[in-house]
Amino acid sequence: MQKVRVRFAPSPTGHLHIGGARTAIYNWAFARHNGGTFVLRIDDTDPERSTQENVEAILRGLRWLGLDWDEGPEAGGEYGPYFQTQRSDTYAAALETIRAAGRAYPCFCSPAELALKRDSARDARGLSGYDRTCRCLDADSAASRVEAGEPHVWRFAVPDDLNEVSFEDAIRGNVTFPASSLDDLVLVRSDGTPTYNFASVVDDALMDITHVIRGDDHLSNTPKQILLFETLRHPVPTFAHLPMIWGADGKRLSKRHGATSVEAYRDSGYLPEAVLNYLALLGWSLDAETTLIDSRTLVETFSFDRVSSNPAIFDTDKLEWLNGVYIRALDVDEFVDRMKPWILGAGLASAEELRGLDDWLRKLAPLVSERAKRMDEIVPIISFLFSQDIAIAPDAAAKALSFPDAAATLTAARDALQTPPGFRDSEIEAALRDLPAALEQKPKTVFQAVRVAVTGTTVSLPLFESLELLGRDRTVARISAALTFLEARARVDAAEGRT
Ligand code: GLU
């Protein structure tokens, strides 16, 4: 059997988006499953919208997902170059082949003429698109007009005796297009650049691509591409068209539905393995139950027969849930490693300060990993641990520090926390355990007051562990600062006659 060669061929007109990433994942998984080759080709034939920045973002996005390519930018390969803009000679040669086969003709119709034709009644033969005016030109006069430099495009002449184009899609089964739906498509634009359909086929042919796996927005291009493969006398690859990805409203996924670029998900705290898992199962399934799948299992089990032909709904809540599952499954050291960029990025500590904090971060890790569905959520949860002082949120003060004995409670807690010889969570707990009874307060009242004094908020990590992580000095200093805050508030209240 022929060795599998597949390609992911993004146009660098934007960053790697969710749909493109899923196409890349399926191509990669199919190649790896079959011991084949995964080619990355950059379809940059649109000079106005293609940028180097986008190329780099696409490569970064793929690498972040853990996808590697065997041939393409930065990997090289014997079928290169892998940027379409560097392959002009190849397209020129292919145009010659199509001309020699009598299937290409120059078209001199101006854009204005074409627009007029589109607006006027459809051709009597029921053909859609271009009415083929220039196909009927005398070959010699057409050649001399080309010679004289008259602006023209090159069109493909769809065979007259063609009834239909039919192919067996690996996902959708038999697909048939009537010849009447096929236009004499443009192969080369008037500026000499190849169109997508032409360049894509030439490259797929010369790069020996065996399977074209892509979104089904390209389905209607496929019959045209098949005709081109046949004209170039190249075996037609197997096509596998992936179902569209929709937003929850049943419309094609777009910016309206929120972030669509893979890197935006990275930046909002998603783990690459969770995104890979989610996208792998967005249109493909291992079985009816599996929701957790790693890249190795994906490679082992991937096949087209479990790709659905129905649109898949992109559900951010589900992705977030899955991300939480992955976060909780990280082991402590791994979580610490993933936490560091977020600590640095939020400016909570410098790289210098973080060095030497590994043991401390390891203690913190399990407390945080349980509470975050996204890595960005850890920043507000842990920021109180990184500052010298904290500001007490007014609503937290109102809720937890406004009972009559608040000052006495905090003073007693501060005293109790000075006594244990060590400052481990169990020692802290023991030191504070008898306080509520002694103060004739509910445990919740006492502990909530300490929590707000030390963390500034009513919702935070478990109290005793938090105090341990903070250390005795900062804990005591924060309780003292809260007492000062209470005194100041009492003075204002007294001055304004509220006591
Ligand atoms: N550059 C095309 C796109 O990004 C590739 C389509 C294809 O895979 O043929 O849509």
# chains A, B, ... in the order shown; residues from 1 in each chain; ligands from 1

$ residues_around --residues "Trp64 (chain A)" --least-positions-apart "4" --cutoff "10 Å" --atoms "only C-alpha atoms" --output "list in words"
Ile58, Leu59, Arg60, Asp68, Val262, Glu263, Arg266, Leu271, Pro272, Glu273, Val275 and Leu276 of chain A

$ residues_near_ligand --ligand "ligand 1" --cutoff "7 Å" --atoms "only C-alpha atoms and all ligand atoms" --output "PyMOL selection string"
chain A and resi 8-11+43+200+212-214+218

$ closest_residue --among "A:Phe447, A:Phe386, A:Phe304, A:Phe167" --to "Arg474 (chain A)" --atoms "only C-alpha atoms"
A:Phe386

$ atom_distance --atom1 "CA of Leu282 (chain A)" --atom2 "CA of Val55 (chain A)"
24.7 Å

$ select_by_dssp --residues "region 89-243 of chain A" --states "helix (DSSP H, G or I)" --output "PyMOL selection string"
chain A and resi 89-100+111-119+133-136+139-147+179-181+196-206+216-231

$ closest_atom_pairs --of "region 14-97 of chain A" --to "region 223-229 of chain A" --cutoff "12 Å" --atoms "only C-alpha atoms" --output "CSV"
residue,atom,partner,partner_atom,distance
A:Ala94,CA,A:Leu228,CA,10.0
A:Leu95,CA,A:Leu228,CA,10.4
A:Thr97,CA,A:Leu228,CA,10.6

$ atom_distance --atom1 "CA of Ser261 (chain A)" --atom2 "CA of Ala274 (chain A)"
15.0 Å

$ residues_around --residues "Phe335 (chain A)" --least-positions-apart "5" --cutoff "12 Å" --atoms "only C-alpha atoms" --output "MDAnalysis selection string"
chainID A and resid 271 326:330 340:342 358 361:370 372 375 378

$ write_last_selection --atoms "N, CA, C and O atoms" --output "PDB file, in the first residue's frame"
ATOM      1  N   LEU A 271      -5.188  24.262  29.210  1.00  0.00           N
ATOM      2  CA  LEU A 271      -4.002  23.424  29.022  1.00  0.00           C
ATOM      3  C   LEU A 271      -4.046  22.827  27.618  1.00  0.00           C
ATOM      4  O   LEU A 271      -5.112  22.439  27.145  1.00  0.00           O
ATOM      5  N   TYR A 326      -8.279  18.123  33.670  1.00  0.00           N
ATOM      6  CA  TYR A 326      -6.846  18.005  33.385  1.00  0.00           C
ATOM      7  C   TYR A 326      -6.004  18.707  34.446  1.00  0.00           C
ATOM      8  O   TYR A 326      -4.936  18.220  34.818  1.00  0.00           O
ATOM      9  N   ILE A 327      -6.481  19.853  34.911  1.00  0.00           N
ATOM     10  CA  ILE A 327      -5.719  20.575  35.945  1.00  0.00           C
ATOM     11  C   ILE A 327      -5.621  19.715  37.205  1.00  0.00           C
ATOM     12  O   ILE A 327      -4.551  19.551  37.784  1.00  0.00           O
ATOM     13  N   ARG A 328      -6.730  19.129  37.587  1.00  0.00           N
ATOM     14  CA  ARG A 328      -6.722  18.325  38.819  1.00  0.00           C
ATOM     15  C   ARG A 328      -5.878  17.057  38.668  1.00  0.00           C
ATOM     16  O   ARG A 328      -5.377  16.527  39.645  1.00  0.00           O
ATOM     17  N   ALA A 329      -5.730  16.616  37.421  1.00  0.00           N
ATOM     18  CA  ALA A 329      -4.968  15.382  37.211  1.00  0.00           C
ATOM     19  C   ALA A 329      -3.449  15.614  37.146  1.00  0.00           C
ATOM     20  O   ALA A 329      -2.674  14.659  37.167  1.00  0.00           O
ATOM     21  N   LEU A 330      -3.033  16.876  37.085  1.00  0.00           N
ATOM     22  CA  LEU A 330      -1.580  17.128  37.006  1.00  0.00           C
ATOM     23  C   LEU A 330      -0.917  16.737  38.319  1.00  0.00           C
ATOM     24  O   LEU A 330      -1.490  16.989  39.385  1.00  0.00           O
ATOM     25  N   LYS A 340       3.896  28.556  37.399  1.00  0.00           N
ATOM     26  CA  LYS A 340       4.926  29.609  37.409  1.00  0.00           C
ATOM     27  C   LYS A 340       4.715  30.702  36.363  1.00  0.00           C
ATOM     28  O   LYS A 340       4.783  31.880  36.701  1.00  0.00           O
ATOM     29  N   PRO A 341       4.446  30.344  35.088  1.00  0.00           N
ATOM     30  CA  PRO A 341       4.260  31.432  34.107  1.00  0.00           C
ATOM     31  C   PRO A 341       3.115  32.368  34.482  1.00  0.00           C
ATOM     32  O   PRO A 341       3.158  33.559  34.184  1.00  0.00           O
ATOM     33  N   TRP A 342       2.113  31.833  35.139  1.00  0.00           N
ATOM     34  CA  TRP A 342       0.979  32.678  35.531  1.00  0.00           C
ATOM     35  C   TRP A 342       1.365  33.608  36.668  1.00  0.00           C
ATOM     36  O   TRP A 342       0.939  34.762  36.705  1.00  0.00           O
ATOM     37  N   ASP A 358      10.275  26.400  45.421  1.00  0.00           N
ATOM     38  CA  ASP A 358       9.620  25.181  44.934  1.00  0.00           C
ATOM     39  C   ASP A 358       8.878  24.399  46.018  1.00  0.00           C
ATOM     40  O   ASP A 358       7.762  23.937  45.801  1.00  0.00           O
ATOM     41  N   LEU A 361       5.798  26.249  46.805  1.00  0.00           N
ATOM     42  CA  LEU A 361       4.820  26.130  45.707  1.00  0.00           C
ATOM     43  C   LEU A 361       4.201  24.738  45.677  1.00  0.00           C
ATOM     44  O   LEU A 361       3.022  24.575  45.362  1.00  0.00           O
ATOM     45  N   ARG A 362       4.991  23.744  46.042  1.00  0.00           N
ATOM     46  CA  ARG A 362       4.463  22.377  46.082  1.00  0.00           C
ATOM     47  C   ARG A 362       3.383  22.237  47.140  1.00  0.00           C
ATOM     48  O   ARG A 362       2.434  21.471  46.979  1.00  0.00           O
ATOM     49  N   LYS A 363       3.540  22.973  48.242  1.00  0.00           N
ATOM     50  CA  LYS A 363       2.524  22.934  49.293  1.00  0.00           C
ATOM     51  C   LYS A 363       1.251  23.647  48.821  1.00  0.00           C
ATOM     52  O   LYS A 363       0.135  23.245  49.113  1.00  0.00           O
ATOM     53  N   LEU A 364       1.486  24.717  48.064  1.00  0.00           N
ATOM     54  CA  LEU A 364       0.354  25.510  47.575  1.00  0.00           C
ATOM     55  C   LEU A 364      -0.430  24.764  46.480  1.00  0.00           C
ATOM     56  O   LEU A 364      -1.661  24.849  46.410  1.00  0.00           O
ATOM     57  N   ALA A 365       0.308  24.028  45.661  1.00  0.00           N
ATOM     58  CA  ALA A 365      -0.280  23.443  44.448  1.00  0.00           C
ATOM     59  C   ALA A 365      -1.598  22.681  44.660  1.00  0.00           C
ATOM     60  O   ALA A 365      -2.598  22.997  44.001  1.00  0.00           O
ATOM     61  N   PRO A 366      -1.633  21.711  45.574  1.00  0.00           N
ATOM     62  CA  PRO A 366      -2.892  20.942  45.692  1.00  0.00           C
ATOM     63  C   PRO A 366      -4.073  21.798  46.145  1.00  0.00           C
ATOM     64  O   PRO A 366      -5.218  21.506  45.790  1.00  0.00           O
ATOM     65  N   LEU A 367      -3.794  22.837  46.911  1.00  0.00           N
ATOM     66  CA  LEU A 367      -4.897  23.695  47.374  1.00  0.00           C
ATOM     67  C   LEU A 367      -5.516  24.430  46.195  1.00  0.00           C
ATOM     68  O   LEU A 367      -6.721  24.642  46.124  1.00  0.00           O
ATOM     69  N   VAL A 368      -4.672  24.831  45.244  1.00  0.00           N
ATOM     70  CA  VAL A 368      -5.140  25.641  44.125  1.00  0.00           C
ATOM     71  C   VAL A 368      -5.712  24.780  43.007  1.00  0.00           C
ATOM     72  O   VAL A 368      -6.733  25.115  42.413  1.00  0.00           O
ATOM     73  N   SER A 369      -5.050  23.664  42.731  1.00  0.00           N
ATOM     74  CA  SER A 369      -5.454  22.876  41.556  1.00  0.00           C
ATOM     75  C   SER A 369      -6.889  22.378  41.706  1.00  0.00           C
ATOM     76  O   SER A 369      -7.592  22.195  40.724  1.00  0.00           O
ATOM     77  N   GLU A 370      -7.298  22.180  42.935  1.00  0.00           N
ATOM     78  CA  GLU A 370      -8.682  21.737  43.169  1.00  0.00           C
ATOM     79  C   GLU A 370      -9.708  22.810  42.840  1.00  0.00           C
ATOM     80  O   GLU A 370     -10.874  22.515  42.655  1.00  0.00           O
ATOM     81  N   ALA A 372      -9.412  25.456  40.502  1.00  0.00           N
ATOM     82  CA  ALA A 372      -9.348  26.215  39.245  1.00  0.00           C
ATOM     83  C   ALA A 372      -9.777  25.363  38.063  1.00  0.00           C
ATOM     84  O   ALA A 372      -9.345  24.213  37.925  1.00  0.00           O
ATOM     85  N   MET A 375      -6.212  28.034  34.289  1.00  0.00           N
ATOM     86  CA  MET A 375      -5.015  28.467  35.002  1.00  0.00           C
ATOM     87  C   MET A 375      -5.073  29.952  35.369  1.00  0.00           C
ATOM     88  O   MET A 375      -4.483  30.367  36.359  1.00  0.00           O
ATOM     89  N   ILE A 378      -6.118  31.006  38.924  1.00  0.00           N
ATOM     90  CA  ILE A 378      -5.305  30.846  40.132  1.00  0.00           C
ATOM     91  C   ILE A 378      -4.757  32.193  40.612  1.00  0.00           C
ATOM     92  O   ILE A 378      -4.498  32.353  41.794  1.00  0.00           O
TER      93      ILE A 378
END

$ residues_around --residues "region 70-72 of chain A" --least-positions-apart "4" --cutoff "9 Å" --atoms "only C-alpha atoms" --output "JSON, numbers by chain"
{"A": [37, 38, 39, 40, 41, 42, 76, 77, 78, 79, 80, 81, 82, 83]}

$ atom_distance --atom1 "CA of Thr210 (chain A)" --atom2 "CA of Asn34 (chain A)"
11.8 Å

$ residues_around --residues "Asp376 (chain A)" --least-positions-apart "2" --cutoff "10 Å" --atoms "only C-alpha atoms" --output "MDAnalysis selection string"
chainID A and resid 266:270 339 342:343 345:346 372:374 378:381

$ residues_around --residues "Ser426 (chain A)" --least-positions-apart "4" --cutoff "9 Å" --atoms "only C-alpha atoms" --output "list of chain:residue names"
A:Ala430, A:Ala431, A:Phe464, A:Glu465

$ residues_around --residues "Leu242 (chain A)" --least-positions-apart "3" --cutoff "12 Å" --atoms "only C-alpha atoms" --output "VMD selection string"
chain A and resid 19 to 20 22 to 27 169 to 172 212 to 219 239 245 280 282 to 284 304 to 312

$ closest_residue --among "A:Gly149, A:Tyr278, A:Leu319, A:Ser285" --to "Phe302 (chain A)" --atoms "only C-alpha atoms"
A:Ser285

$ closest_residue --among "A:Ala240, A:Ala438, A:Ala449, A:Ala488" --to "Asn174 (chain A)" --atoms "only C-alpha atoms"
A:Ala240
